[in-house]
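Data block below; observations after.
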Amino acid sequence: MSGPLTVCVCDYWKRRHYYNCPPLDREAAAPAGELRRLRLAMNAINGHYCLREFVQQRALALRLQSHHGVELIWLELEPPARETIDYKWAEILAHTIWQHIAVEHLMSWLSTLGGGFSALGEQFERCAKTAGRISLQPLKIGLRLGDPCLQARCKLYYGISLIQRGHLRAAKHLIRDQFEFALVHREKDRRLVRMCQGIWMRLVYEYQQRRHRIKQPQSEADYQAE
């Protein structure tokens with residue numbers, strides 16, 4: 001008997017999946033009742049290995065064809081009496097989920113606290129320093145979780161603290177680095193690009209104010225000289 005052995009897998013929902021049976025041959029084939037078939041019923045795990053044996057390894061298929069005249073393997077998957085649950089993986093997954101929930105809760109508190117000190121940092125330098133220290137706490141969390149987007153946001157918050165304290169050059173390099181990162185990961189976190197643009201505008205404003213303060217004493221000196 002020539003040709004590969006046809007295998008039909010009937011899944012839990014009674015859907016049929018054919019192997020080694022081209023669509024044209026299947027349409028032109030004789031009715032199923034005229035085929036000599038071998039029906040096998042087993043669970044999905046054993047069915048997986050059995051299917052691999054029939055499709056990838058030719059020895060058993062050739063033996064069934066030559067010695068028993070089998071033309072079709074009907075592999076029916078039976079649902080297990082009890083579902084198999086990977087409790088170890090479920091425990092790992094639950095721990096990871098609760099860890100992220102705790103991080104989000106902590107981040108909300110730190111963001112509120114840092115935002116308050118950042119607002120006060122417009123008038124008081126010590127509050128700006130405190131806001132910068134607060135932004136480093138979620139940065140440590142982001143480093144621990146390996147979340148680069150969270151790390152970038154925390155660095156931008158720290159950049160605001162640098163601007164408020166007058167460290168404009170350091171803030172400029174920090175914002176540029178995060179903006180380059182945000183452009184690469186635009187699809188993952190669209191807010192990051194807008195955050196960089198907004199903080200950059202604040203930096204530009206501070207540079208303009210600094211130039212204005214530098215020019216103002218010169219203009220006053222020129223006025224007094226006149």
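By order in the structure tokens, chains are A, B, ...; within a chain, residues start at 1; ligands start at 1, following the order shown.
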
inquiry  = When DSSP is applied to the backbone of this structure, which of segment 34-86 of chain A are assigned strand (DSSP E or B)? Write them out as a ChimeraX atom specification.
reply    = /A:37-42,72-77

Output N, CA and C atoms for every residue in the selection just made, as a PDB file, in the first residue's frame.
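Everything below was put into out.pdb:
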ATOM      1  N   ARG A  37     -10.271   1.515   8.899  1.00  0.00           N
ATOM      2  CA  ARG A  37      -9.766   2.465   9.882  1.00  0.00           C
ATOM      3  C   ARG A  37      -9.413   1.767  11.185  1.00  0.00           C
ATOM      4  N   LEU A  38      -8.549   2.444  11.931  1.00  0.00           N
ATOM      5  CA  LEU A  38      -8.184   2.001  13.273  1.00  0.00           C
ATOM      6  C   LEU A  38      -8.551   3.129  14.229  1.00  0.00           C
ATOM      7  N   ARG A  39      -9.477   2.852  15.127  1.00  0.00           N
ATOM      8  CA  ARG A  39      -9.951   3.878  16.053  1.00  0.00           C
ATOM      9  C   ARG A  39      -9.206   3.761  17.373  1.00  0.00           C
ATOM     10  N   LEU A  40      -8.661   4.907  17.794  1.00  0.00           N
ATOM     11  CA  LEU A  40      -7.939   4.979  19.060  1.00  0.00           C
ATOM     12  C   LEU A  40      -8.549   6.103  19.897  1.00  0.00           C
ATOM     13  N   ALA A  41      -8.847   5.817  21.140  1.00  0.00           N
ATOM     14  CA  ALA A  41      -9.400   6.811  22.062  1.00  0.00           C
ATOM     15  C   ALA A  41      -8.452   6.953  23.244  1.00  0.00           C
ATOM     16  N   MET A  42      -8.024   8.178  23.506  1.00  0.00           N
ATOM     17  CA  MET A  42      -7.074   8.427  24.598  1.00  0.00           C
ATOM     18  C   MET A  42      -7.134   9.893  24.994  1.00  0.00           C
ATOM     19  N   LEU A  72      -6.768   4.525   7.536  1.00  0.00           N
ATOM     20  CA  LEU A  72      -7.079   5.750   8.277  1.00  0.00           C
ATOM     21  C   LEU A  72      -6.954   5.483   9.774  1.00  0.00           C
ATOM     22  N   ILE A  73      -6.237   6.361  10.447  1.00  0.00           N
ATOM     23  CA  ILE A  73      -6.157   6.324  11.908  1.00  0.00           C
ATOM     24  C   ILE A  73      -7.135   7.359  12.452  1.00  0.00           C
ATOM     25  N   TRP A  74      -8.113   6.897  13.202  1.00  0.00           N
ATOM     26  CA  TRP A  74      -9.102   7.793  13.809  1.00  0.00           C
ATOM     27  C   TRP A  74      -8.719   7.976  15.279  1.00  0.00           C
ATOM     28  N   LEU A  75      -8.100   9.115  15.563  1.00  0.00           N
ATOM     29  CA  LEU A  75      -7.594   9.389  16.905  1.00  0.00           C
ATOM     30  C   LEU A  75      -8.578  10.309  17.621  1.00  0.00           C
ATOM     31  N   GLU A  76      -9.294   9.765  18.561  1.00  0.00           N
ATOM     32  CA  GLU A  76     -10.320  10.520  19.279  1.00  0.00           C
ATOM     33  C   GLU A  76      -9.812  10.883  20.669  1.00  0.00           C
ATOM     34  N   LEU A  77      -9.823  12.175  20.951  1.00  0.00           N
ATOM     35  CA  LEU A  77      -9.344  12.664  22.244  1.00  0.00           C
ATOM     36  C   LEU A  77     -10.494  12.695  23.240  1.00  0.00           C
TER      37      LEU A  77
END

key: Å distance separating atom CA of Tyr87 of chain A from atom CA of Ile45 of chain A, one decimal place   = 17.9 Å

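Going from atom CA of Arg202 of chain A over to atom CA of Glu180 of chain A, you cover 18.0 Å.
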
inquiry  = Would you pick out the contacts of segment 99-113 of chain A at 12 Å or less, using only C-alpha atoms, so that residues sharing its chain but fewer than 3 positions from it are not included, and give the list as a ChimeraX atom specification?
reply    = /A:92-96,116-120,127-128,130-142,144-147,150-151,153-154,157-158
